[in-house]
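The next block is structure_14.pdb, given as PDB, C-alpha atoms.
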```pdb
ATOM      1  CA  MET A   1      41.849 -21.932  26.856
ATOM      2  CA  GLY A   2      45.431 -21.915  25.638
ATOM      3  CA  ALA A   3      46.381 -18.758  27.500
ATOM      4  CA  HIS A   4      48.085 -20.819  30.202
ATOM      5  CA  LEU A   5      50.512 -22.180  27.620
ATOM      6  CA  ALA A   6      51.437 -18.718  26.376
ATOM      7  CA  ARG A   7      51.879 -17.401  29.924
ATOM      8  CA  ARG A   8      54.025 -20.389  30.804
ATOM      9  CA  TYR A   9      56.492 -20.030  27.938
ATOM     10  CA  VAL A  10      56.495 -16.293  27.232
ATOM     11  CA  GLY A  11      56.432 -14.872  30.742
ATOM     12  CA  ASP A  12      57.676 -16.069  34.083
ATOM     13  CA  GLY A  13      56.741 -19.745  34.261
ATOM     14  CA  SER A  14      57.282 -20.079  37.997
ATOM     15  CA  GLY A  15      53.771 -18.799  38.720
ATOM     16  CA  GLU A  16      52.140 -21.226  36.310
ATOM     17  CA  PRO A  17      51.347 -24.843  37.232
ATOM     18  CA  ASP A  18      52.505 -27.647  34.975
ATOM     19  CA  PRO A  19      49.402 -29.122  33.299
ATOM     20  CA  LEU A  20      51.056 -32.554  33.113
ATOM     21  CA  ARG A  21      51.716 -32.847  36.858
ATOM     22  CA  MET A  22      49.500 -33.448  39.831
ATOM     23  CA  PRO A  23      48.467 -30.421  41.923
ATOM     24  CA  THR A  24      51.020 -29.383  44.524
ATOM     25  CA  PHE A  25      48.570 -27.951  47.054
ATOM     26  CA  ASP A  26      46.196 -29.813  49.341
ATOM     27  CA  PRO A  27      42.868 -30.303  47.506
ATOM     28  CA  ASN A  28      40.938 -29.438  50.674
ATOM     29  CA  PHE A  29      42.834 -26.171  51.232
ATOM     30  CA  GLY A  30      40.147 -23.496  51.505
ATOM     31  CA  PHE A  31      37.284 -25.994  51.294
ATOM     32  CA  PRO A  32      36.035 -27.272  54.656
ATOM     33  CA  GLU A  33      33.769 -29.995  53.251
ATOM     34  CA  ARG A  34      35.013 -30.814  49.765
ATOM     35  CA  LYS A  35      33.954 -34.215  48.455
ATOM     36  CA  GLU A  36      36.293 -36.342  46.391
ATOM     37  CA  ARG A  37      35.061 -37.326  42.951
ATOM     38  CA  VAL A  38      34.319 -41.013  42.521
ATOM     39  CA  MET A  39      34.054 -43.176  39.439
ATOM     40  CA  VAL A  40      30.538 -44.490  38.896
ATOM     41  CA  ALA A  41      31.479 -47.086  36.279
ATOM     42  CA  THR A  42      33.639 -49.940  37.514
ATOM     43  CA  GLN A  43      36.691 -51.276  35.712
ATOM     44  CA  GLN A  44      34.775 -54.427  34.819
ATOM     45  CA  GLN A  45      31.912 -52.461  33.256
ATOM     46  CA  MET A  46      34.348 -50.424  31.164
ATOM     47  CA  ASN A  47      36.127 -53.604  30.067
ATOM     48  CA  ASP A  48      32.821 -55.219  29.131
ATOM     49  CA  ALA A  49      31.827 -52.160  27.095
ATOM     50  CA  GLN A  50      35.294 -52.186  25.432
ATOM     51  CA  LEU A  51      35.849 -48.503  26.109
ATOM     52  CA  PRO A  52      39.159 -47.129  24.830
ATOM     53  CA  LEU A  53      41.538 -45.907  27.524
ATOM     54  CA  HIS A  54      41.188 -42.242  26.586
ATOM     55  CA  LEU A  55      37.419 -42.399  27.222
ATOM     56  CA  ARG A  56      37.654 -43.973  30.681
ATOM     57  CA  ASP A  57      36.988 -40.884  32.760
ATOM     58  CA  TYR A  58      34.397 -39.727  35.284
ATOM     59  CA  CYS A  59      31.736 -39.729  32.539
ATOM     60  CA  ALA A  60      32.267 -43.323  31.439
ATOM     61  CA  HIS A  61      28.929 -44.462  32.894
ATOM     62  CA  HIS A  62      27.096 -42.019  30.586
ATOM     63  CA  LEU A  63      29.109 -43.229  27.605
ATOM     64  CA  ILE A  64      28.305 -46.864  28.429
ATOM     65  CA  ARG A  65      24.588 -45.993  28.486
ATOM     66  CA  LEU A  66      24.936 -44.141  25.175
ATOM     67  CA  LEU A  67      26.729 -47.015  23.456
ATOM     68  CA  LYS A  68      24.139 -49.492  24.770
ATOM     69  CA  CYS A  69      21.318 -47.291  23.474
ATOM     70  CA  LYS A  70      22.979 -46.997  20.067
ATOM     71  CA  ARG A  71      23.438 -50.749  19.927
ATOM     72  CA  ASP A  72      19.838 -51.501  20.971
ATOM     73  CA  THR A  73      18.194 -48.979  18.602
ATOM     74  CA  PHE A  74      20.640 -49.331  15.718
ATOM     75  CA  PRO A  75      18.781 -48.075  12.667
ATOM     76  CA  ASN A  76      17.191 -45.238  14.628
ATOM     77  CA  PHE A  77      20.234 -43.161  15.524
ATOM     78  CA  LEU A  78      18.033 -40.286  16.773
ATOM     79  CA  ALA A  79      16.598 -42.343  19.633
ATOM     80  CA  CYS A  80      19.642 -41.715  21.841
ATOM     81  CA  LYS A  81      19.568 -37.927  21.969
ATOM     82  CA  HIS A  82      19.022 -37.848  25.714
ATOM     83  CA  GLU A  83      21.942 -40.191  26.426
ATOM     84  CA  GLN A  84      24.164 -38.222  24.019
ATOM     85  CA  HIS A  85      23.240 -34.982  25.774
ATOM     86  CA  ASP A  86      23.915 -36.475  29.222
ATOM     87  CA  TRP A  87      27.368 -37.682  28.160
ATOM     88  CA  GLU A  88      28.329 -34.393  26.473
ATOM     89  CA  TYR A  89      27.088 -32.376  29.458
ATOM     90  CA  CYS A  90      29.093 -34.556  31.850
ATOM     91  CA  GLU A  91      32.196 -34.094  29.672
ATOM     92  CA  HIS A  92      31.616 -30.339  29.692
ATOM     93  CA  LEU A  93      31.296 -30.241  33.488
ATOM     94  CA  ASP A  94      34.449 -32.346  33.782
ATOM     95  CA  TYR A  95      36.328 -29.895  31.538
ATOM     96  CA  VAL A  96      35.086 -26.922  33.553
ATOM     97  CA  SER A  97      36.108 -28.529  36.846
ATOM     98  CA  ARG A  98      39.598 -29.292  35.471
ATOM     99  CA  MET A  99      39.983 -25.679  34.328
ATOM    100  CA  LYS A 100      38.845 -24.456  37.753
ATOM    101  CA  GLU A 101      41.401 -26.716  39.422
ATOM    102  CA  PHE A 102      44.120 -25.398  37.112
ATOM    103  CA  GLU A 103      43.153 -21.801  37.864
ATOM    104  CA  ARG A 104      43.056 -22.532  41.607
ATOM    105  CA  GLU A 105      46.536 -24.049  41.421
ATOM    106  CA  ARG A 106      47.807 -21.036  39.433
ATOM    107  CA  ARG A 107      46.422 -18.553  41.940
ATOM    108  CA  LEU A 108      47.825 -20.482  44.904
ATOM    109  CA  LEU A 109      51.259 -20.561  43.245
ATOM    110  CA  GLN A 110      51.130 -16.806  42.690
ATOM    111  CA  ARG A 111      50.045 -16.299  46.301
ATOM    112  CA  LYS A 112      52.937 -18.443  47.515
ATOM    113  CA  LYS A 113      55.352 -16.460  45.341
ATOM    114  CA  ARG A 114      54.045 -13.122  46.702
ATOM    115  CA  ARG A 115      54.369 -14.360  50.298
ATOM    116  CA  GLU A 116      57.929 -15.587  49.737
ATOM    117  CA  LYS A 117      58.860 -12.238  48.197
ATOM    118  CA  ARG A 118      57.331 -10.346  51.129
ATOM    119  CA  GLU A 119      59.133 -12.587  53.664
ATOM    120  CA  ALA A 120      62.447 -12.108  51.838
ATOM    121  CA  GLU A 121      62.013  -8.326  51.924
ATOM    122  CA  ALA A 122      61.151  -8.456  55.630
ATOM    123  CA  ALA A 123      64.236 -10.591  56.316
ATOM    124  CA  ARG A 124      66.453  -8.036  54.560
ATOM    125  CA  GLY A 125      64.890  -5.295  56.654
ATOM    126  CA  GLN A 126      63.132  -3.625  53.757
ATOM    127  CA  GLY A 127      59.661  -3.866  55.230
ATOM    128  CA  PRO A 128      57.031  -2.407  52.947
ATOM    129  CA  GLY A 129      55.648  -0.157  55.663
ATOM    130  CA  GLU A 130      52.016  -0.430  54.629
ATOM    131  CA  VAL A 131      50.714  -3.543  52.932
ATOM    132  CA  GLY A 132      48.975  -2.955  49.628
ATOM    133  CA  PRO A 133      45.830  -4.842  48.635
ATOM    134  CA  GLU A 134      47.701  -6.957  46.057
ATOM    135  CA  VAL A 135      50.101  -8.273  48.733
ATOM    136  CA  ALA A 136      47.596  -8.570  51.576
ATOM    137  CA  LEU A 137      46.824 -12.159  50.759
TER     138      LEU A 137
END
```
Translate this structure into structure tokens?
Amino acid sequence: MGAHLARRYVGDGSGEPDPLRMPTFDPNFGFPERKERVMVATQQQMNDAQLPLHLRDYCAHHLIRLLKCKRDTFPNFLACKHEQHDWEYCEHLDYVSRMKEFERERRLLQRKKRREKREAEAARGQGPGEVGPEVAL
């Protein structure tokens, strides 16, 4: 999914969100009952498990279970398949949700840009007459 990098640097970067910054739009915009994600593992649990900082994400509780299983069943490394699968699946869902948030931010930026362009044309008196489907948003 590196297309966002190419679009950002090759084309017009004003319609692309910066992946290193926080979202600029309200997270509940368009979602009447959106729940905020919460961390299941506490800071103390992650410290006790000695998790590196780059692994302390929303899936840390699955990783803690996996590391505990690996420690408890050391010679039998195949005994923790279920915990491994749970952690990898959680990481996959986290990746998908981040990509959806990026795409949502990109589309909202493009929508904002289209609206500003339409308002600028209306202010100059160059009304489009009929509104096309690509500008109707």
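The gap separating CA of Leu109 in chain A from CA of Gly15 in chain A is 5.5 Å, in Å to one decimal.
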Original post:
Smallest atom-to-atom distance to Phe31 in chain A: which of A:Arg104, A:His82, A:Lys113, A:Arg118, using all atoms listed in the file?
Top reply: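 Closest residue, counting all atoms listed in the file: A:Arg104.
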**OP:** For Arg106 in chain A, list every protein, DNA or RNA residue within 9 Å, evaluated using all atoms listed in the file, and leave out those in the same chain fewer than 4 positions away; present the list as a ChimeraX atom specification.
**Re:** /A:15-17,101-102,110-111
Original post:
Can you list what the PyMOL selection byres ((chain A and resi 41-53) around 12) grabs from this structure, as a ChimeraX atom specification?
Top reply: /A:38-40,54-68,71
Original post:
What is the CA of Pro23 in chain A-CA of Leu108 in chain A distance in Å, reported with one decimal?
Top reply: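 Separating CA of Pro23 in chain A from CA of Leu108 in chain A is a distance of 10.4 Å.
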Subject >> Coordinates-based distance that separates CA of Thr24 in chain A from CA of Ala120 in chain A (Å, one decimal) >> reply: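 Computed distance, CA of Ala120 in chain A to CA of Thr24 in chain A, equals 22.0 Å.
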**OP:** Quick one: apply the PyMOL selection byres ((chain A and resi 97-99) around 12) to the file and drop the selected residues here as a PyMOL selection string.
**Re:** chain A and resi 1-4+17+19+22-23+37+58+90-96+100-106
Would you fill the gaps in range 116-127 of chain A so it has all heavy atoms, then print it as a PDB file, in the coordinates of the input?
```
ATOM      1  N   GLU A 116      56.488 -15.375  49.633  1.00  0.00           N
ATOM      2  CA  GLU A 116      57.929 -15.587  49.737  1.00  0.00           C
ATOM      3  C   GLU A 116      58.690 -14.297  49.468  1.00  0.00           C
ATOM      4  O   GLU A 116      59.686 -14.000  50.136  1.00  0.00           O
ATOM      5  CB  GLU A 116      58.377 -16.682  48.772  1.00  0.00           C
ATOM      6  CG  GLU A 116      57.937 -18.063  49.179  1.00  0.00           C
ATOM      7  CD  GLU A 116      58.222 -19.109  48.121  1.00  0.00           C
ATOM      8  OE1 GLU A 116      58.634 -18.744  46.989  1.00  0.00           O
ATOM      9  OE2 GLU A 116      58.006 -20.294  48.413  1.00  0.00           O
ATOM     10  N   LYS A 117      58.220 -13.514  48.509  1.00  0.00           N
ATOM     11  CA  LYS A 117      58.860 -12.238  48.197  1.00  0.00           C
ATOM     12  C   LYS A 117      58.741 -11.277  49.388  1.00  0.00           C
ATOM     13  O   LYS A 117      59.706 -10.611  49.762  1.00  0.00           O
ATOM     14  CB  LYS A 117      58.225 -11.628  46.951  1.00  0.00           C
ATOM     15  CG  LYS A 117      58.807 -10.305  46.539  1.00  0.00           C
ATOM     16  CD  LYS A 117      58.088  -9.778  45.318  1.00  0.00           C
ATOM     17  CE  LYS A 117      58.558  -8.371  44.982  1.00  0.00           C
ATOM     18  NZ  LYS A 117      57.790  -7.798  43.873  1.00  0.00           N
ATOM     19  N   ARG A 118      57.555 -11.221  49.984  1.00  0.00           N
ATOM     20  CA  ARG A 118      57.331 -10.346  51.129  1.00  0.00           C
ATOM     21  C   ARG A 118      58.188 -10.775  52.323  1.00  0.00           C
ATOM     22  O   ARG A 118      58.769  -9.943  53.022  1.00  0.00           O
ATOM     23  CB  ARG A 118      55.852 -10.348  51.501  1.00  0.00           C
ATOM     24  CG  ARG A 118      55.497  -9.335  52.574  1.00  0.00           C
ATOM     25  CD  ARG A 118      54.038  -9.297  52.847  1.00  0.00           C
ATOM     26  NE  ARG A 118      53.571 -10.607  53.285  1.00  0.00           N
ATOM     27  CZ  ARG A 118      52.359 -11.092  53.076  1.00  0.00           C
ATOM     28  NH1 ARG A 118      51.473 -10.390  52.425  1.00  0.00           N
ATOM     29  NH2 ARG A 118      52.018 -12.288  53.516  1.00  0.00           N
ATOM     30  N   GLU A 119      58.305 -12.092  52.566  1.00  0.00           N
ATOM     31  CA  GLU A 119      59.133 -12.587  53.664  1.00  0.00           C
ATOM     32  C   GLU A 119      60.604 -12.302  53.413  1.00  0.00           C
ATOM     33  O   GLU A 119      61.354 -11.981  54.344  1.00  0.00           O
ATOM     34  CB  GLU A 119      58.900 -14.081  53.867  1.00  0.00           C
ATOM     35  CG  GLU A 119      57.545 -14.404  54.460  1.00  0.00           C
ATOM     36  CD  GLU A 119      57.255 -15.898  54.462  1.00  0.00           C
ATOM     37  OE1 GLU A 119      58.134 -16.688  54.021  1.00  0.00           O
ATOM     38  OE2 GLU A 119      56.154 -16.276  54.889  1.00  0.00           O
ATOM     39  N   ALA A 120      61.050 -12.402  52.165  1.00  0.00           N
ATOM     40  CA  ALA A 120      62.447 -12.108  51.838  1.00  0.00           C
ATOM     41  C   ALA A 120      62.746 -10.623  52.056  1.00  0.00           C
ATOM     42  O   ALA A 120      63.813 -10.269  52.559  1.00  0.00           O
ATOM     43  CB  ALA A 120      62.752 -12.506  50.399  1.00  0.00           C
ATOM     44  N   GLU A 121      61.823  -9.761  51.694  1.00  0.00           N
ATOM     45  CA  GLU A 121      62.013  -8.326  51.924  1.00  0.00           C
ATOM     46  C   GLU A 121      62.031  -8.011  53.419  1.00  0.00           C
ATOM     47  O   GLU A 121      62.817  -7.174  53.869  1.00  0.00           O
ATOM     48  CB  GLU A 121      60.907  -7.526  51.234  1.00  0.00           C
ATOM     49  CG  GLU A 121      61.033  -7.467  49.732  1.00  0.00           C
ATOM     50  CD  GLU A 121      59.858  -6.759  49.075  1.00  0.00           C
ATOM     51  OE1 GLU A 121      58.896  -6.398  49.785  1.00  0.00           O
ATOM     52  OE2 GLU A 121      59.900  -6.581  47.856  1.00  0.00           O
ATOM     53  N   ALA A 122      61.185  -8.680  54.184  1.00  0.00           N
ATOM     54  CA  ALA A 122      61.151  -8.456  55.630  1.00  0.00           C
ATOM     55  C   ALA A 122      62.433  -8.961  56.282  1.00  0.00           C
ATOM     56  O   ALA A 122      62.934  -8.365  57.231  1.00  0.00           O
ATOM     57  CB  ALA A 122      59.940  -9.146  56.244  1.00  0.00           C
ATOM     58  N   ALA A 123      62.999 -10.051  55.764  1.00  0.00           N
ATOM     59  CA  ALA A 123      64.236 -10.591  56.316  1.00  0.00           C
ATOM     60  C   ALA A 123      65.419  -9.669  56.027  1.00  0.00           C
ATOM     61  O   ALA A 123      66.355  -9.584  56.821  1.00  0.00           O
ATOM     62  CB  ALA A 123      64.501 -11.977  55.745  1.00  0.00           C
ATOM     63  N   ARG A 124      65.386  -8.977  54.900  1.00  0.00           N
ATOM     64  CA  ARG A 124      66.453  -8.036  54.560  1.00  0.00           C
ATOM     65  C   ARG A 124      66.284  -6.707  55.284  1.00  0.00           C
ATOM     66  O   ARG A 124      67.147  -5.841  55.231  1.00  0.00           O
ATOM     67  CB  ARG A 124      66.460  -7.771  53.052  1.00  0.00           C
ATOM     68  CG  ARG A 124      67.014  -8.918  52.237  1.00  0.00           C
ATOM     69  CD  ARG A 124      67.291  -8.464  50.822  1.00  0.00           C
ATOM     70  NE  ARG A 124      66.159  -7.763  50.228  1.00  0.00           N
ATOM     71  CZ  ARG A 124      65.436  -8.191  49.208  1.00  0.00           C
ATOM     72  NH1 ARG A 124      65.702  -9.350  48.667  1.00  0.00           N
ATOM     73  NH2 ARG A 124      64.451  -7.468  48.724  1.00  0.00           N
ATOM     74  N   GLY A 125      65.138  -6.538  55.925  1.00  0.00           N
ATOM     75  CA  GLY A 125      64.890  -5.295  56.654  1.00  0.00           C
ATOM     76  C   GLY A 125      64.291  -4.213  55.787  1.00  0.00           C
ATOM     77  O   GLY A 125      64.324  -3.045  56.129  1.00  0.00           O
ATOM     78  N   GLN A 126      63.763  -4.596  54.647  1.00  0.00           N
ATOM     79  CA  GLN A 126      63.132  -3.625  53.757  1.00  0.00           C
ATOM     80  C   GLN A 126      61.618  -3.771  53.850  1.00  0.00           C
ATOM     81  O   GLN A 126      60.937  -3.958  52.864  1.00  0.00           O
ATOM     82  CB  GLN A 126      63.561  -3.850  52.311  1.00  0.00           C
ATOM     83  CG  GLN A 126      65.030  -3.686  52.076  1.00  0.00           C
ATOM     84  CD  GLN A 126      65.398  -4.022  50.641  1.00  0.00           C
ATOM     85  OE1 GLN A 126      64.561  -4.440  49.869  1.00  0.00           O
ATOM     86  NE2 GLN A 126      66.654  -3.833  50.303  1.00  0.00           N
ATOM     87  N   GLY A 127      61.104  -3.724  55.030  1.00  0.00           N
ATOM     88  CA  GLY A 127      59.661  -3.866  55.230  1.00  0.00           C
ATOM     89  C   GLY A 127      58.887  -2.881  54.379  1.00  0.00           C
ATOM     90  O   GLY A 127      59.305  -1.741  54.203  1.00  0.00           O
TER      91      GLY A 127
END
```
